[in-house]
file model05.cif (mmCIF, C-alpha atoms)
data_entry
loop_
_atom_site.group_PDB
_atom_site.id
_atom_site.type_symbol
_atom_site.label_atom_id
_atom_site.label_comp_id
_atom_site.auth_asym_id
_atom_site.auth_seq_id
_atom_site.Cartn_x
_atom_site.Cartn_y
_atom_site.Cartn_z
ATOM 1 C CA MET A 1 -29.709 2.649 -9.373
ATOM 2 C CA LYS A 2 -26.667 2.010 -7.196
ATOM 3 C CA THR A 3 -23.136 1.949 -8.550
ATOM 4 C CA LEU A 4 -20.324 -0.213 -7.201
ATOM 5 C CA ASP A 5 -18.903 2.824 -5.419
ATOM 6 C CA ASP A 6 -22.082 2.933 -3.306
ATOM 7 C CA TYR A 7 -21.110 -0.451 -1.801
ATOM 8 C CA VAL A 8 -17.474 0.420 -1.054
ATOM 9 C CA ARG A 9 -16.829 1.306 2.571
ATOM 10 C CA THR A 10 -14.100 3.925 2.995
ATOM 11 C CA ILE A 11 -12.083 3.908 6.203
ATOM 12 C CA PRO A 12 -10.019 7.090 6.739
ATOM 13 C CA ASP A 13 -6.491 6.875 8.149
ATOM 14 C CA PHE A 14 -6.129 3.081 7.751
ATOM 15 C CA PRO A 15 -3.600 1.504 7.837
ATOM 16 C CA GLU A 16 -1.871 4.840 8.439
ATOM 17 C CA LYS A 17 -2.793 8.498 8.681
ATOM 18 C CA GLY A 18 -3.697 10.088 5.347
ATOM 19 C CA VAL A 19 -4.723 6.826 3.655
ATOM 20 C CA MET A 20 -8.334 6.285 2.586
ATOM 21 C CA PHE A 21 -8.764 2.499 2.752
ATOM 22 C CA ARG A 22 -11.298 1.178 0.221
ATOM 23 C CA ASP A 23 -12.833 -1.955 1.710
ATOM 24 C CA VAL A 24 -13.906 -4.673 -0.715
ATOM 25 C CA THR A 25 -15.536 -6.739 2.048
ATOM 26 C CA SER A 26 -18.479 -4.353 2.156
ATOM 27 C CA ILE A 27 -19.206 -5.295 -1.474
ATOM 28 C CA LEU A 28 -19.063 -9.011 -0.731
ATOM 29 C CA GLN A 29 -21.318 -8.927 2.298
ATOM 30 C CA ASP A 30 -24.158 -7.383 0.308
ATOM 31 C CA LYS A 31 -25.798 -9.736 -2.200
ATOM 32 C CA ASP A 32 -26.679 -6.878 -4.543
ATOM 33 C CA GLY A 33 -23.203 -5.360 -4.254
ATOM 34 C CA PHE A 34 -21.502 -8.670 -5.017
ATOM 35 C CA LYS A 35 -23.794 -9.343 -7.983
ATOM 36 C CA LEU A 36 -23.139 -5.849 -9.317
ATOM 37 C CA ALA A 37 -19.372 -6.337 -8.948
ATOM 38 C CA ILE A 38 -19.422 -9.569 -10.961
ATOM 39 C CA ASP A 39 -21.799 -8.121 -13.567
ATOM 40 C CA GLU A 40 -19.578 -5.052 -14.039
ATOM 41 C CA LEU A 41 -16.420 -7.168 -14.387
ATOM 42 C CA HIS A 42 -18.237 -9.445 -16.833
ATOM 43 C CA LYS A 43 -18.943 -6.454 -19.103
ATOM 44 C CA PHE A 44 -15.173 -6.050 -19.598
ATOM 45 C CA VAL A 45 -14.718 -9.613 -20.924
ATOM 46 C CA LYS A 46 -18.073 -10.831 -22.262
ATOM 47 C CA ASP A 47 -17.084 -10.278 -25.910
ATOM 48 C CA LEU A 48 -13.354 -10.978 -25.496
ATOM 49 C CA ASP A 49 -11.674 -13.957 -27.158
ATOM 50 C CA PHE A 50 -9.588 -15.662 -24.442
ATOM 51 C CA ASP A 51 -8.940 -19.076 -22.920
ATOM 52 C CA VAL A 52 -8.457 -18.828 -19.168
ATOM 53 C CA PHE A 53 -8.839 -16.593 -16.117
ATOM 54 C CA ALA A 54 -5.802 -16.181 -13.838
ATOM 55 C CA ALA A 55 -6.772 -14.993 -10.365
ATOM 56 C CA ALA A 56 -4.407 -13.211 -7.992
ATOM 57 C CA GLU A 57 -4.442 -14.252 -4.331
ATOM 58 C CA SER A 58 -6.639 -13.911 -2.522
ATOM 59 C CA ARG A 59 -9.353 -11.473 -3.439
ATOM 60 C CA GLY A 60 -8.960 -12.179 -7.141
ATOM 61 C CA PHE A 61 -10.140 -15.744 -6.423
ATOM 62 C CA PHE A 62 -13.664 -14.793 -5.393
ATOM 63 C CA LEU A 63 -14.016 -12.415 -8.342
ATOM 64 C CA ALA A 64 -12.633 -14.731 -11.027
ATOM 65 C CA ALA A 65 -14.495 -17.866 -9.865
ATOM 66 C CA PRO A 66 -18.019 -16.643 -10.668
ATOM 67 C CA LEU A 67 -16.788 -15.141 -13.943
ATOM 68 C CA ALA A 68 -15.179 -18.443 -14.935
ATOM 69 C CA TYR A 69 -18.387 -20.254 -14.067
ATOM 70 C CA MET A 70 -20.573 -17.788 -16.021
ATOM 71 C CA MET A 71 -18.371 -17.988 -19.088
ATOM 72 C CA ASN A 72 -17.528 -21.708 -18.899
ATOM 73 C CA LYS A 73 -13.787 -20.967 -18.702
ATOM 74 C CA PRO A 74 -11.072 -22.484 -16.539
ATOM 75 C CA MET A 75 -9.479 -20.511 -13.725
ATOM 76 C CA VAL A 76 -5.892 -20.814 -12.539
ATOM 77 C CA LEU A 77 -4.372 -19.482 -9.351
ATOM 78 C CA ILE A 78 -1.601 -16.978 -8.717
ATOM 79 C CA ARG A 79 -0.554 -17.632 -5.117
ATOM 80 C CA LYS A 80 1.882 -16.420 -2.525
ATOM 81 C CA LYS A 81 5.175 -18.328 -2.425
ATOM 82 C CA GLY A 82 4.978 -21.779 -0.885
ATOM 83 C CA LYS A 83 1.209 -22.299 -1.209
ATOM 84 C CA LEU A 84 1.111 -24.456 -4.354
ATOM 85 C CA PRO A 85 1.953 -28.191 -4.120
ATOM 86 C CA MET A 86 3.305 -28.887 -7.618
ATOM 87 C CA GLU A 87 6.257 -27.484 -9.563
ATOM 88 C CA THR A 88 5.958 -23.715 -9.930
ATOM 89 C CA VAL A 89 7.366 -20.646 -11.612
ATOM 90 C CA SER A 90 7.841 -17.608 -9.405
ATOM 91 C CA GLU A 91 8.220 -13.859 -9.647
ATOM 92 C CA THR A 92 9.470 -11.507 -6.938
ATOM 93 C CA TYR A 93 8.399 -7.868 -6.826
ATOM 94 C CA ASP A 94 8.924 -4.859 -4.598
ATOM 95 C CA LEU A 95 6.542 -3.711 -1.910
ATOM 96 C CA GLU A 96 6.601 -0.427 -0.045
ATOM 97 C CA TYR A 97 8.667 -2.076 2.721
ATOM 98 C CA GLY A 98 10.383 -5.146 1.310
ATOM 99 C CA SER A 99 9.396 -7.622 -1.365
ATOM 100 C CA ALA A 100 6.989 -10.471 -2.073
ATOM 101 C CA THR A 101 6.991 -13.533 -4.297
ATOM 102 C CA ILE A 102 4.055 -15.038 -6.150
ATOM 103 C CA GLU A 103 3.876 -18.357 -7.987
ATOM 104 C CA MET A 104 1.863 -20.358 -10.483
ATOM 105 C CA HIS A 105 1.912 -24.065 -11.243
ATOM 106 C CA LYS A 106 4.074 -24.715 -14.300
ATOM 107 C CA ASP A 107 1.175 -26.497 -15.994
ATOM 108 C CA SER A 108 -1.508 -23.888 -15.239
ATOM 109 C CA VAL A 109 -1.132 -21.877 -18.466
ATOM 110 C CA LYS A 110 -0.350 -23.553 -21.763
ATOM 111 C CA GLU A 111 1.784 -22.107 -24.539
ATOM 112 C CA GLY A 112 -0.277 -19.641 -26.597
ATOM 113 C CA GLN A 113 -3.257 -19.450 -24.250
ATOM 114 C CA LYS A 114 -4.941 -16.070 -23.966
ATOM 115 C CA VAL A 115 -5.284 -15.062 -20.315
ATOM 116 C CA VAL A 116 -7.421 -12.550 -18.416
ATOM 117 C CA ILE A 117 -5.839 -11.588 -15.079
ATOM 118 C CA VAL A 118 -8.315 -10.744 -12.304
ATOM 119 C CA ASP A 119 -7.634 -8.938 -9.026
ATOM 120 C CA ASP A 120 -9.573 -6.671 -6.713
ATOM 121 C CA LEU A 121 -7.300 -3.638 -6.853
ATOM 122 C CA ILE A 122 -4.767 -1.741 -8.936
ATOM 123 C CA ALA A 123 -2.591 0.100 -6.440
ATOM 124 C CA THR A 124 1.132 0.359 -7.161
ATOM 125 C CA GLY A 125 0.817 -2.271 -9.911
ATOM 126 C CA GLY A 126 3.455 -4.587 -8.443
ATOM 127 C CA THR A 127 1.289 -7.674 -8.018
ATOM 128 C CA LEU A 128 -0.270 -7.300 -11.449
ATOM 129 C CA GLU A 129 3.081 -6.679 -13.135
ATOM 130 C CA ALA A 130 4.475 -9.832 -11.486
ATOM 131 C CA SER A 131 1.332 -11.744 -12.536
ATOM 132 C CA ILE A 132 1.882 -10.684 -16.150
ATOM 133 C CA LYS A 133 5.479 -11.921 -15.988
ATOM 134 C CA LEU A 134 4.348 -15.302 -14.640
ATOM 135 C CA VAL A 135 1.759 -15.792 -17.380
ATOM 136 C CA GLU A 136 4.310 -14.839 -20.023
ATOM 137 C CA LYS A 137 7.004 -17.131 -18.528
ATOM 138 C CA LEU A 138 4.568 -19.979 -19.095
ATOM 139 C CA GLY A 139 4.015 -18.964 -22.721
ATOM 140 C CA GLY A 140 0.629 -17.348 -22.194
ATOM 141 C CA GLU A 141 -0.537 -14.065 -23.671
ATOM 142 C CA VAL A 142 -2.220 -11.532 -21.394
ATOM 143 C CA SER A 143 -5.393 -10.465 -23.197
ATOM 144 C CA LYS A 144 -6.681 -8.157 -20.474
ATOM 145 C CA ILE A 145 -6.407 -7.216 -16.805
ATOM 146 C CA ILE A 146 -9.606 -6.485 -14.877
ATOM 147 C CA CYS A 147 -10.044 -5.169 -11.350
ATOM 148 C CA LEU A 148 -12.834 -3.823 -9.191
ATOM 149 C CA MET A 149 -10.997 -0.730 -7.994
ATOM 150 C CA GLU A 150 -8.051 1.438 -8.939
ATOM 151 C CA LEU A 151 -6.183 3.888 -6.734
ATOM 152 C CA ALA A 152 -4.999 6.195 -9.517
ATOM 153 C CA GLY A 153 -2.846 8.310 -7.180
ATOM 154 C CA LEU A 154 -0.464 5.353 -6.764
ATOM 155 C CA GLU A 155 0.126 5.265 -10.547
ATOM 156 C CA GLY A 156 0.004 1.483 -10.851
ATOM 157 C CA ARG A 157 -1.049 1.696 -14.499
ATOM 158 C CA LYS A 158 2.443 2.872 -15.396
ATOM 159 C CA LYS A 159 3.737 -0.654 -14.658
ATOM 160 C CA LEU A 160 0.984 -2.108 -16.839
ATOM 161 C CA GLU A 161 1.590 -0.015 -19.970
ATOM 162 C CA GLY A 162 1.102 -1.981 -23.153
ATOM 163 C CA TYR A 163 -1.687 -4.074 -21.627
ATOM 164 C CA GLU A 164 -5.425 -3.529 -21.739
ATOM 165 C CA VAL A 165 -6.530 -2.681 -18.193
ATOM 166 C CA ASP A 166 -10.021 -1.976 -16.849
ATOM 167 C CA ALA A 167 -11.266 -1.106 -13.371
ATOM 168 C CA VAL A 168 -14.916 -0.707 -12.401
ATOM 169 C CA VAL A 169 -14.262 2.188 -9.987
ATOM 170 C CA THR A 170 -11.302 4.586 -10.021
ATOM 171 C CA TYR A 171 -10.354 6.694 -7.023
ATOM 172 C CA GLU A 172 -8.048 9.622 -7.710
ATOM 173 C CA GLY A 173 -6.195 9.428 -4.392
ATOM 174 C CA LYS A 174 -4.086 6.753 -2.726
#

call {"tool": "encode", "arguments": {"input": "model05.cif", "output": "structure tokens"}}
result
Amino acid sequence: MKTLDDYVRTIPDFPEKGVMFRDVTSILQDKDGFKLAIDELHKFVKDLDFDVFAAAESRGFFLAAPLAYMMNKPMVLIRKKGKLPMETVSETYDLEYGSATIEMHKDSVKEGQKVVIVDDLIATGGTLEASIKLVEKLGGEVSKIICLMELAGLEGRKKLEGYEVDAVVTYEGK
């Protein structure tokens, strides 16, 4: 039986020398790989008491949507700055070279709602840490964070301490 790792295409030296790029698109373009990805993520939350999925742009969208459908839960979006039409809250975080800002609609998470954050990857943890801050600004409680892959060598979990975090596949390097 195949594991999710069997569907991940690894591209050496991309985007720069020494980096092993783990490509999520190879999972999506295979019907069995995509089904396995959703099934494995579902195992992390199937018995969890929560109210809403929050999906990080953009790859979190296509992972959270089928989970929300399967579990009859709503899904809210965490988007890059300037992409949402209504009033938003925002959070800026550091990148390797610069910074980025993500936003959520002010009405997307209600006070006291339990939220599962979904993204494709835990790398440095910056996007997920900022996502947590957005959910909490809106009065939500982060119940869990789930991702397909984790690059453990980048130590992103350190920024997520105190939260329950699961990844389907963990790679030791960067």

call {"tool": "resolve_selection", "arguments": {"input": "model05.cif", "expression": "the PyMOL selection byres ((chain A and resi 172) around 6)", "output": "list in words"}}
result
Ala152, Gly153, Tyr171 and Gly173 of chain A

call {"tool": "atom_distance", "arguments": {"input": "model05.cif", "atom1": "CA of Phe61 in chain A", "atom2": "CA of Ala100 in chain A"}}
result
18.4 Å

call {"tool": "residues_around", "arguments": {"input": "model05.cif", "residues": "range 83-96 of chain A", "least_positions_apart": "5", "cutoff": "10 Å", "atoms": "all atoms listed in the file", "output": "number ranges by chain"}}
result
A: 77-78, 101-108, 124-135, 137-138

call {"tool": "closest_residue", "arguments": {"input": "model05.cif", "among": "A:Leu148, A:Ala167, A:Val24, A:Val19", "to": "Ile38 in chain A", "atoms": "only C-alpha atoms"}}
result
A:Leu148

call {"tool": "residues_around", "arguments": {"input": "model05.cif", "residues": "Leu4 in chain A", "least_positions_apart": "4", "cutoff": "9 Å", "atoms": "all atoms listed in the file", "output": "list of chain:residue names"}}
result
A:Val8, A:Ile27, A:Gly33, A:Phe34, A:Leu36, A:Ala37, A:Glu40, A:Leu148, A:Val168, A:Val169

call {"tool": "write_last_selection", "arguments": {"input": "model05.cif", "atoms": "C-alpha atoms", "output": "PDB file, keeping the file's coordinate frame"}}
result
ATOM      1  CA  VAL A   8     -17.474   0.420  -1.054  1.00  0.00           C
ATOM      2  CA  ILE A  27     -19.206  -5.295  -1.474  1.00  0.00           C
ATOM      3  CA  GLY A  33     -23.203  -5.360  -4.254  1.00  0.00           C
ATOM      4  CA  PHE A  34     -21.502  -8.670  -5.017  1.00  0.00           C
ATOM      5  CA  LEU A  36     -23.139  -5.849  -9.317  1.00  0.00           C
ATOM      6  CA  ALA A  37     -19.372  -6.337  -8.948  1.00  0.00           C
ATOM      7  CA  GLU A  40     -19.578  -5.052 -14.039  1.00  0.00           C
ATOM      8  CA  LEU A 148     -12.834  -3.823  -9.191  1.00  0.00           C
ATOM      9  CA  VAL A 168     -14.916  -0.707 -12.401  1.00  0.00           C
ATOM     10  CA  VAL A 169     -14.262   2.188  -9.987  1.00  0.00           C
TER      11      VAL A 169
END

call {"tool": "atom_distance", "arguments": {"input": "model05.cif", "atom1": "CA of Lys46 in chain A", "atom2": "CA of Ser143 in chain A"}}
result
12.7 Å

call {"tool": "atom_distance", "arguments": {"input": "model05.cif", "atom1": "CA of Phe62 in chain A", "atom2": "CA of Gly98 in chain A"}}
result
26.8 Å

call {"tool": "resolve_selection", "arguments": {"input": "model05.cif", "expression": "the PyMOL selection byres ((chain A and resi 116) around 7)", "output": "VMD selection string"}}
result
chain A and resid 52 to 54 115 117 to 118 142 to 145

call {"tool": "resolve_selection", "arguments": {"input": "model05.cif", "expression": "the PyMOL selection byres ((chain A and resi 112) around 6)", "output": "list of chain:residue names"}}
result
A:Glu111, A:Gln113, A:Gly139, A:Gly140

call {"tool": "closest_residue", "arguments": {"input": "model05.cif", "among": "A:Glu57, A:Glu161, A:Asp120, A:Asp6", "to": "Leu41 in chain A", "atoms": "all atoms listed in the file"}}
result
A:Asp120

call {"tool": "residues_near_point", "arguments": {"input": "model05.cif", "point": "(-12.2, -8.7, -5.4)", "cutoff": "6 Å", "atoms": "only C-alpha atoms", "output": "list in words"}}
result
Arg59, Gly60, Leu63, Asp119 and Asp120 of chain A

call {"tool": "write_last_selection", "arguments": {"input": "model05.cif", "atoms": "C-alpha atoms", "output": "compact mmCIF listing (two decimals), keeping the file's coordinate frame"}}
result
# COMPACT_ATOMS: atom_id res chain seq x y z
CA ARG A 59 -9.35 -11.47 -3.44
CA GLY A 60 -8.96 -12.18 -7.14
CA LEU A 63 -14.02 -12.42 -8.34
CA ASP A 119 -7.63 -8.94 -9.03
CA ASP A 120 -9.57 -6.67 -6.71

call {"tool": "axis_aligned_box", "arguments": {"input": "model05.cif", "around": "range 53-60 of chain A", "padding_each_side": "4 Å", "output": "AutoDock Vina command-line options"}}
result
--center_x -6.9 --center_y -14.0 --center_z -9.3 --size_x 12.9 --size_y 13.1 --size_z 21.6

call {"tool": "closest_residue", "arguments": {"input": "model05.cif", "among": "A:Lys35, A:Glu136, A:Ser58, A:Arg22", "to": "Thr170 in chain A", "atoms": "only C-alpha atoms"}}
result
A:Arg22

call {"tool": "closest_residue", "arguments": {"input": "model05.cif", "among": "A:Phe14, A:Leu67, A:Arg9, A:Met1", "to": "Leu28 in chain A", "atoms": "all atoms listed in the file"}}
result
A:Arg9

call {"tool": "closest_residue", "arguments": {"input": "model05.cif", "among": "A:Asp5, A:Asp49, A:Asp39, A:Asp166", "to": "Glu141 in chain A", "atoms": "only C-alpha atoms"}}
result
A:Asp49
